[in-house]
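Asker: Structure supplied as run36.cif; contents: mmCIF, C-alpha atoms.
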data_query
loop_
_atom_site.label_atom_id
_atom_site.label_comp_id
_atom_site.auth_asym_id
_atom_site.auth_seq_id
_atom_site.Cartn_x
_atom_site.Cartn_y
_atom_site.Cartn_z
CA GLN A 1142 128.57 99.01 108.35
CA ARG A 1143 125.27 98.15 109.97
CA PRO A 1144 122.06 97.76 107.99
CA THR A 1145 119.79 100.79 107.92
CA LYS A 1146 116.11 100.81 108.77
CA LEU A 1147 115.27 101.21 105.08
CA TRP A 1148 115.70 97.56 104.17
CA PHE A 1149 114.10 96.52 107.47
CA ARG A 1150 111.02 98.56 106.52
CA ARG A 1151 110.82 96.69 103.20
CA ILE A 1152 111.04 93.34 104.96
CA HIS A 1153 108.49 94.49 107.54
CA GLN A 1154 106.02 95.49 104.83
CA LYS A 1155 106.42 92.19 103.01
CA MET A 1156 105.94 90.20 106.22
CA ALA A 1157 103.09 92.39 107.44
CA ASN A 1158 101.21 91.87 104.19
CA LYS A 1159 101.61 88.13 104.53
CA MET A 1160 100.77 88.04 108.24
CA ARG A 1161 97.76 90.34 107.78
CA ARG A 1162 96.09 87.58 105.79
CA ASN A 1163 96.45 85.35 108.87
CA ARG A 1164 95.55 87.93 111.52
CA GLY A 1165 93.65 86.81 114.63
CA ILE A 1166 94.39 84.97 117.81
CA THR A 1167 93.07 81.71 116.43
CA LEU A 1168 95.70 81.57 113.68
CA PRO A 1169 99.47 80.88 114.01
CA CYS A 1170 101.97 83.71 113.68
CA LEU A 1171 104.83 83.69 111.19
CA SER A 1172 107.66 81.70 112.76
CA LEU A 1173 110.53 83.52 114.38
CA PHE A 1174 112.83 81.38 112.26
CA ALA A 1175 111.23 82.62 109.04
CA VAL A 1176 111.45 86.23 110.18
CA PHE A 1177 115.08 85.88 111.17
CA SER A 1178 115.93 84.24 107.84
CA LEU A 1179 114.45 87.18 105.98
CA LEU A 1180 116.51 89.56 108.08
CA LEU A 1181 119.73 87.72 107.35
CA ASP A 1182 119.00 87.72 103.62
CA ALA A 1183 118.29 91.43 103.76
CA ALA A 1184 121.48 92.09 105.70
CA SER A 1185 123.51 90.30 103.03
CA SER A 1186 121.91 92.41 100.33
CA PHE A 1187 122.62 95.59 102.25
CA MET A 1188 126.36 95.07 102.17
CA THR A 1189 126.31 95.55 98.36
CA ILE A 1190 124.58 98.94 98.56
CA SER A 1191 126.83 101.95 98.04
CA GLN A 1192 126.60 104.94 100.30
CA PRO A 1193 125.23 107.33 97.60
CA ASN A 1194 122.51 104.82 96.77
CA ALA A 1195 121.74 104.39 100.48
CA PHE A 1196 121.39 108.17 100.83
CA SER A 1197 119.03 108.28 97.86
CA ARG A 1198 116.96 105.47 99.29
CA SER A 1199 116.83 107.18 102.69
CA THR A 1200 115.48 110.35 101.07
CA HIS A 1201 112.84 108.35 99.29
CA SER A 1202 112.18 106.50 102.54
CA LEU A 1203 111.41 109.75 104.38
CA GLN A 1204 108.90 110.75 101.74
CA MET A 1205 107.30 107.33 102.01
CA VAL A 1206 107.00 107.70 105.78
CA ARG A 1207 105.41 111.12 105.39
CA ASN A 1208 102.83 109.58 103.10
CA ARG A 1209 101.94 107.16 105.90
CA GLY A 1210 101.17 109.87 108.39
CA LEU A 1211 104.50 110.05 110.23
CA GLU A 1212 105.79 113.50 109.31
CA ILE A 1213 108.96 113.61 111.39
CA ARG A 1214 112.39 114.80 110.31
CA GLU A 1215 115.03 112.31 109.24
CA GLU A 1216 117.47 111.73 112.12
CA GLY A 1217 119.78 109.18 110.56
CA ALA A 1218 119.57 105.74 109.00
CA THR A 1219 120.55 103.66 112.02
CA PRO A 1220 118.04 103.67 114.89
CA LEU A 1221 119.03 104.91 118.33
CA PRO A 1222 117.38 104.30 121.73
CA GLY A 1223 114.66 106.66 122.86
CA GLY A 1224 111.59 108.10 121.19
CA MET A 1225 109.60 104.86 121.39
CA THR A 1226 105.85 104.68 121.87
CA LEU A 1227 103.99 101.37 122.01
CA TYR A 1228 100.29 101.38 121.14
CA ILE A 1229 98.45 98.42 122.64
CA LYS A 1230 94.95 97.19 123.39
CA ALA A 1231 93.38 98.97 126.36
CA GLY A 1232 91.75 97.27 129.33
CA PRO A 1233 88.09 97.44 130.34
CA ASP A 1234 88.36 101.06 131.50
CA GLY A 1235 89.77 102.14 128.15
CA LYS A 1236 92.93 103.51 129.77
CA SER A 1237 94.77 100.68 131.50
CA VAL A 1238 96.90 98.01 129.84
CA GLY A 1239 94.74 95.39 128.17
CA ASP A 1240 95.00 91.63 127.95
CA CYS A 1241 96.79 91.19 124.60
CA PRO A 1242 99.53 88.51 124.93
CA PHE A 1243 101.22 89.78 121.76
CA ALA A 1244 101.62 93.25 123.28
CA HIS A 1245 102.91 91.60 126.45
CA TYR A 1246 105.51 89.79 124.35
CA VAL A 1247 106.77 93.06 122.87
CA ARG A 1248 106.91 94.70 126.30
CA ILE A 1249 108.95 91.79 127.68
CA VAL A 1250 111.47 92.29 124.88
CA LEU A 1251 111.65 96.04 125.56
CA HIS A 1252 112.28 95.37 129.25
CA GLU A 1253 114.88 92.69 128.53
CA LYS A 1254 116.71 95.24 126.37
CA GLY A 1255 116.39 97.97 128.98
CA LEU A 1256 114.82 100.30 126.40
CA GLU A 1257 112.71 103.24 127.54
CA TYR A 1258 109.31 103.64 125.93
CA ASP A 1259 105.87 105.11 126.48
CA VAL A 1260 102.92 102.74 126.50
CA ARG A 1261 99.61 104.00 125.07
CA PRO A 1262 96.65 101.71 125.75
CA SER A 1263 94.14 102.50 123.04
CA THR A 1264 90.60 101.69 122.02
CA GLN A 1265 89.14 102.00 118.54
CA ASP A 1266 88.04 105.51 119.49
CA THR A 1267 91.35 106.64 120.98
CA LYS A 1268 93.81 105.21 118.44
CA PRO A 1269 95.76 107.86 116.52
CA GLN A 1270 94.16 108.57 113.17
CA TRP A 1271 97.42 107.87 111.33
CA LEU A 1272 97.49 104.37 112.84
CA ILE A 1273 93.99 103.69 111.53
CA ASP A 1274 94.54 105.28 108.13
CA TYR A 1275 97.90 103.78 107.28
CA TYR A 1276 98.26 100.65 109.42
CA GLU A 1277 94.65 99.47 109.62
CA GLY A 1278 94.67 100.27 113.34
CA SER A 1279 96.80 97.19 113.96
CA MET A 1280 98.18 96.77 117.48
CA PRO A 1281 100.61 96.27 119.02
CA ALA A 1282 102.27 99.05 117.04
CA LEU A 1283 105.69 100.42 117.90
CA ARG A 1284 106.37 103.96 116.77
CA HIS A 1285 110.08 104.72 116.92
CA ARG A 1286 110.47 108.35 115.97
CA LYS A 1287 109.77 108.41 112.23
CA GLU A 1288 109.10 104.67 111.95
CA CYS A 1289 106.14 102.49 112.82
CA TYR A 1290 106.13 98.70 112.95
CA THR A 1291 103.20 96.39 113.57
CA GLU A 1292 102.95 92.62 114.22
CA SER A 1293 104.59 91.43 117.43
CA ASP A 1294 107.18 89.15 115.79
CA VAL A 1295 108.27 91.94 113.43
CA ILE A 1296 108.60 94.41 116.30
CA ALA A 1297 110.56 91.93 118.42
CA GLN A 1298 112.96 91.15 115.58
CA TYR A 1299 113.42 94.86 114.88
CA LEU A 1300 114.34 95.50 118.51
CA ASP A 1301 116.66 92.52 118.73
CA PHE A 1302 118.46 93.31 115.48
CA PHE A 1303 119.18 96.98 116.15
CA PHE A 1304 119.52 96.87 119.93
CA GLN A 1305 121.61 93.76 120.34
CA GLU A 1306 122.27 93.67 124.08
CA PRO A 1307 121.36 91.23 125.34
CA PRO A 1308 120.94 89.14 122.17
CA LEU A 1309 117.64 87.26 122.16
CA SER A 1310 117.84 85.36 118.86
CA GLY A 1311 119.35 81.91 119.02
CA LYS A 1312 120.90 79.98 116.14
CA LYS A 1313 118.51 79.41 113.24
CA LYS A 1314 118.40 75.62 113.52
CA LEU A 1315 117.78 75.75 117.25
CA MET A 1316 115.10 78.42 116.90
CA ALA A 1317 113.45 76.35 114.16
CA ALA A 1318 113.37 73.27 116.39
CA THR A 1319 111.76 75.26 119.17
CA GLN A 1320 109.22 76.78 116.81
CA GLU A 1321 108.25 73.31 115.65
CA ALA A 1322 107.69 72.24 119.26
CA ILE A 1323 105.47 75.20 120.19
CA ASP A 1324 103.71 75.60 116.83
CA GLY A 1325 99.94 75.74 117.17
CA PHE A 1326 99.93 76.29 120.91
CA PHE A 1327 98.08 79.58 121.14
CA PRO A 1328 95.53 78.74 118.42
CA ALA A 1329 94.71 75.60 120.44
CA VAL A 1330 94.42 77.65 123.65
CA ALA A 1331 92.18 80.24 121.98
CA LYS A 1332 89.82 77.70 120.41
CA TYR A 1333 89.46 75.82 123.69
CA LEU A 1334 88.91 78.85 125.92
CA LYS A 1335 86.46 80.46 123.51
CA HIS A 1336 84.33 77.36 123.10
CA THR A 1337 80.94 77.13 124.75
CA PRO A 1338 79.22 75.23 126.19
CA ASP A 1339 81.98 73.93 128.40
CA GLY A 1340 82.19 70.17 128.77
CA ASP A 1341 80.40 69.03 125.60
CA ASP A 1342 81.91 66.66 123.00
CA ASP A 1343 83.41 69.46 120.94
CA ASP A 1344 84.92 70.92 124.10
CA ALA A 1345 86.53 67.57 124.89
CA ALA A 1346 88.00 67.37 121.39
CA LEU A 1347 89.47 70.85 121.69
CA ARG A 1348 90.92 69.95 125.08
CA LYS A 1349 92.63 66.90 123.58
CA THR A 1350 94.12 69.05 120.82
CA LEU A 1351 95.57 71.42 123.38
CA GLU A 1352 96.89 68.50 125.43
CA GLY A 1353 98.61 67.20 122.30
CA VAL A 1354 100.47 70.48 121.81
CA LEU A 1355 101.36 70.62 125.50
CA GLY A 1356 102.75 67.10 125.15
CA ARG A 1357 105.08 68.31 122.40
CA ILE A 1358 106.26 71.21 124.55
CA GLU A 1359 106.69 68.84 127.50
CA GLN A 1360 108.95 66.57 125.45
CA HIS A 1361 110.92 69.55 124.13
CA LEU A 1362 111.51 70.95 127.62
CA SER A 1363 112.40 67.54 129.03
CA GLU A 1364 115.41 67.43 126.71
CA LYS A 1365 116.87 70.69 128.07
CA SER A 1366 119.45 71.02 130.81
CA GLY A 1367 118.53 74.69 131.39
CA PRO A 1368 115.20 76.37 132.13
CA PHE A 1369 114.50 77.92 128.69
CA LEU A 1370 113.27 76.76 125.29
CA VAL A 1371 116.10 77.09 122.77
CA GLY A 1372 119.20 74.93 122.46
CA ASP A 1373 120.30 73.52 125.79
CA GLY A 1374 117.93 75.92 127.56
CA ALA A 1375 120.67 78.09 129.00
CA GLU A 1376 119.65 81.39 127.37
CA PHE A 1377 116.39 83.35 127.41
CA THR A 1378 115.31 84.11 123.82
CA LEU A 1379 112.47 85.66 121.85
CA ALA A 1380 110.78 82.26 121.88
CA ASP A 1381 110.47 82.45 125.67
CA ALA A 1382 109.29 86.06 125.54
CA SER A 1383 106.58 85.05 123.07
CA LEU A 1384 105.39 81.88 124.80
CA ALA A 1385 105.27 83.16 128.39
CA PRO A 1386 102.22 85.47 128.03
CA LYS A 1387 100.31 82.78 126.15
CA LEU A 1388 100.97 80.24 128.87
CA PHE A 1389 99.72 82.75 131.42
CA HIS A 1390 96.50 83.18 129.46
CA MET A 1391 96.10 79.42 129.41
CA GLN A 1392 96.66 79.15 133.15
CA VAL A 1393 94.08 81.81 133.97
CA GLY A 1394 91.59 80.56 131.39
CA LEU A 1395 91.75 76.93 132.54
CA GLN A 1396 91.00 77.98 136.09
CA LYS A 1397 88.25 80.45 135.29
CA PHE A 1398 86.38 78.80 132.43
CA LYS A 1399 87.32 75.11 132.28
CA ASP A 1400 87.42 74.06 135.94
CA ASN A 1401 91.09 73.08 135.48
CA ALA A 1402 90.12 70.29 133.08
CA ILE A 1403 93.81 70.11 132.19
CA ASN A 1404 95.95 69.60 135.29
CA VAL A 1405 99.23 71.01 134.01
CA SER A 1406 101.28 70.25 137.12
CA GLU A 1407 100.31 66.54 137.03
CA GLN A 1408 100.05 65.93 133.29
CA PHE A 1409 102.91 68.16 132.12
CA PRO A 1410 105.38 68.68 134.99
CA ALA A 1411 108.15 70.09 132.76
CA VAL A 1412 105.73 72.68 131.37
CA GLN A 1413 104.67 73.58 134.91
CA GLU A 1414 108.28 73.97 136.00
CA TYR A 1415 108.94 76.17 132.98
CA MET A 1416 105.90 78.32 133.75
CA THR A 1417 106.98 78.80 137.34
CA ALA A 1418 110.44 79.93 136.24
CA ILE A 1419 109.35 82.17 133.39
CA PHE A 1420 106.57 83.86 135.38
CA ASP A 1421 109.16 84.81 138.00
CA ARG A 1422 111.40 86.58 135.50
CA PRO A 1423 111.59 90.36 136.16
CA SER A 1424 110.67 91.33 132.60
CA PHE A 1425 107.50 89.25 132.85
CA LYS A 1426 106.47 90.57 136.26
CA GLU A 1427 107.21 94.19 135.35
CA THR A 1428 104.85 94.01 132.36
CA LEU A 1429 102.10 91.89 133.85
CA TYR A 1430 98.42 92.87 133.91
CA SER A 1431 95.80 91.49 136.28
CA GLU A 1432 94.11 88.12 135.96
CA GLU A 1433 90.80 90.00 136.00
CA THR A 1434 91.83 91.73 132.78
CA ILE A 1435 92.49 88.37 131.14
CA VAL A 1436 89.11 87.07 132.31
CA TRP A 1437 87.47 90.20 130.89
CA GLY A 1438 89.09 89.65 127.51
CA TRP A 1439 88.21 85.98 127.18
CA SER A 1440 84.69 86.57 128.50
CA ASN A 1441 84.13 88.98 125.62
CA ALA A 1442 85.55 86.44 123.16
CA ARG A 1443 83.27 83.70 124.49
CA GLU A 1444 80.21 85.90 123.95
CA ASN A 1445 80.99 86.54 120.29
#
Would you mind giving the structure from this file in structure tokens?

Answerer:
Amino acid sequence: QRPTKLWFRRIHQKMANKMRRNRGITLPCLSLFAVFSLLLDAASSFMTISQPNAFSRSTHSLQMVRNRGLEIREEGATPLPGGMTLYIKAGPDGKSVGDCPFAHYVRIVLHEKGLEYDVRPSTQDTKPQWLIDYYEGSMPALRHRKECYTESDVIAQYLDFFFQEPPLSGKKKLMAATQEAIDGFFPAVAKYLKHTPDGDDDDAALRKTLEGVLGRIEQHLSEKSGPFLVGDGAEFTLADASLAPKLFHMQVGLQKFKDNAINVSEQFPAVQEYMTAIFDRPSFKETLYSEETIVWGWSNAREN
């Protein structure tokens, strides 16, 4: 037996409630290791559920979904490909794909899995009302027929658990080691790129913080025989899918706003080599948005 989406929804709600308290690009996301641990615990619990009880829970589940604005008929407990719509931040024209690295992460996972989906760039005015009413308008949001999941890590784990080819979750200990190495990276990027005026003492301190995190990633990558983050670096994982868009934001932001105050190729050659390889991956290129869109997004953040 495979776990149904019922227990996954419970785990998603618990994680979403916790992560909602830490929402924002300047705060770290829940670790992939923690998410995966919750999934394994839930899977163990599922094996003790009898079929009649599972049917009862599925009926209750459908009613719960209807109460959250997704009034679609039950099509079975185990998810199947198809029927996916991804709601993401829109670009400056309100219609094109926006600059959100978390949405980019989810799209990379979808492309790695070869899953078909519709992408719906949305503004506050064009979001579906059910997304606003029942999910606080949070994006990225993946609607899969009768289900909706928010938070990029939750969506990625959902996709990797139910659509297992190719597998993108490494062993827990190895994923945990990688998470420790990259922890705090994007918050450091966001604080540095958002800071004005550029070049003052506070700016220098934020740059040093970012350089410290890059140094950790440099050391981590230097220990790998392969090009990726987890284990010996031989396999592409969710950690790579998550980090790649954030590194791209850093690269564009350093050039546009900070006059390349951090010379990645000279100071962190292993990170530069990793960036070159990961940016050339088909799933990254197929889901990429323009550098101008990234500049637009960070310019807005620097004004606020």

Asker: For a quick check of understanding, using only C-alpha atoms, which of A:Leu1347, A:Leu1370, A:Leu1227, A:Leu1300 has the smallest distance to Ala1402 in chain A?

Answerer: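 Ranking A:Leu1347, A:Leu1370, A:Leu1227, A:Leu1300 by distance to Ala1402 in chain A, first place goes to A:Leu1347.
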
Asker: Within 12 Å of range 1408-1428 of chain A, which residues of range 1208-1298 of chain A show up? Give each one with its shortest atom-to-atom distance in Å (one decimal) and the two atoms involved, counting all atoms listed in the file, rows by chain then rising residue number, as a tab-separated table.

Answerer:
residue	atom	partner	partner_atom	distance
A:Val1238	CA	A:Thr1428	CA	9.2
A:Gly1239	CA	A:Thr1428	CA	11.0
A:Asp1240	CA	A:Thr1428	CA	11.1
A:Cys1241	CA	A:Thr1428	CA	11.5
A:Pro1242	CA	A:Thr1428	CA	10.7
A:Phe1243	CA	A:Thr1428	CA	12.0
A:Ala1244	CA	A:Thr1428	CA	9.7
A:His1245	CA	A:Thr1428	CA	6.7
A:Tyr1246	CA	A:Phe1425	CA	8.7
A:Val1247	CA	A:Thr1428	CA	9.7
A:Arg1248	CA	A:Thr1428	CA	6.4
A:Ile1249	CA	A:Ser1424	CA	5.2
A:Val1250	CA	A:Ser1424	CA	7.8
A:Leu1251	CA	A:Ser1424	CA	8.5
A:His1252	CA	A:Ser1424	CA	5.5
A:Glu1253	CA	A:Ser1424	CA	6.0
A:Lys1254	CA	A:Ser1424	CA	9.5
A:Gly1255	CA	A:Ser1424	CA	9.5
A:Leu1256	CA	A:Ser1424	CA	11.7
A:Val1260	CA	A:Thr1428	CA	10.7

Asker: Create the file for the chosen residues now, containing C-alpha atoms and written as an mmCIF file, keeping the file's coordinate frame.

Answerer:
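Written output follows (result-v2.cif):
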data_model
loop_
_atom_site.group_PDB
_atom_site.id
_atom_site.type_symbol
_atom_site.label_atom_id
_atom_site.label_comp_id
_atom_site.auth_asym_id
_atom_site.auth_seq_id
_atom_site.Cartn_x
_atom_site.Cartn_y
_atom_site.Cartn_z
ATOM 1 C CA VAL A 1238 96.900 98.010 129.840
ATOM 2 C CA GLY A 1239 94.740 95.390 128.170
ATOM 3 C CA ASP A 1240 95.000 91.630 127.950
ATOM 4 C CA CYS A 1241 96.790 91.190 124.600
ATOM 5 C CA PRO A 1242 99.530 88.510 124.930
ATOM 6 C CA PHE A 1243 101.220 89.780 121.760
ATOM 7 C CA ALA A 1244 101.620 93.250 123.280
ATOM 8 C CA HIS A 1245 102.910 91.600 126.450
ATOM 9 C CA TYR A 1246 105.510 89.790 124.350
ATOM 10 C CA VAL A 1247 106.770 93.060 122.870
ATOM 11 C CA ARG A 1248 106.910 94.700 126.300
ATOM 12 C CA ILE A 1249 108.950 91.790 127.680
ATOM 13 C CA VAL A 1250 111.470 92.290 124.880
ATOM 14 C CA LEU A 1251 111.650 96.040 125.560
ATOM 15 C CA HIS A 1252 112.280 95.370 129.250
ATOM 16 C CA GLU A 1253 114.880 92.690 128.530
ATOM 17 C CA LYS A 1254 116.710 95.240 126.370
ATOM 18 C CA GLY A 1255 116.390 97.970 128.980
ATOM 19 C CA LEU A 1256 114.820 100.300 126.400
ATOM 20 C CA VAL A 1260 102.920 102.740 126.500
#

Asker: Would you work out the distance separating CA of Gln1320 in chain A from CA of Ile1229 in chain A, expressed in Å to one decimal?

Answerer: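 One can read the CA of Gln1320 in chain A to CA of Ile1229 in chain A distance as 24.9 Å.
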
Asker: Measuring between only C-alpha atoms, which one of A:Glu1364, A:Ala1346, A:Glu1288, A:Ala1231 shows the shortest distance to Asp1266 in chain A?

Answerer: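 Closest residue, counting only C-alpha atoms: A:Ala1231.
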
Asker: Neighbours of range 1309-1319 of chain A within 6 Å (only C-alpha atoms; same-chain residues fewer than 2 positions away dropped), as a compact mmCIF listing (two decimals) with C-alpha atoms, in the frame of the given file?

Answerer:
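Saved the output as selection-v3.txt:
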# COMPACT_ATOMS: atom_id res chain seq x y z
CA PHE A 1174 112.83 81.38 112.26
CA GLU A 1321 108.25 73.31 115.65
CA ALA A 1322 107.69 72.24 119.26
CA VAL A 1371 116.10 77.09 122.77
CA GLY A 1372 119.20 74.93 122.46
CA THR A 1378 115.31 84.11 123.82
CA LEU A 1379 112.47 85.66 121.85

Asker: Which one of A:Pro1307, A:Gly1235, A:Gly1278, A:Gly1367 sits closest to Pro1262 in chain A if you count only C-alpha atoms?

Answerer: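 Residue with the minimum atom-to-atom distance to Pro1262 in chain A: A:Gly1235.
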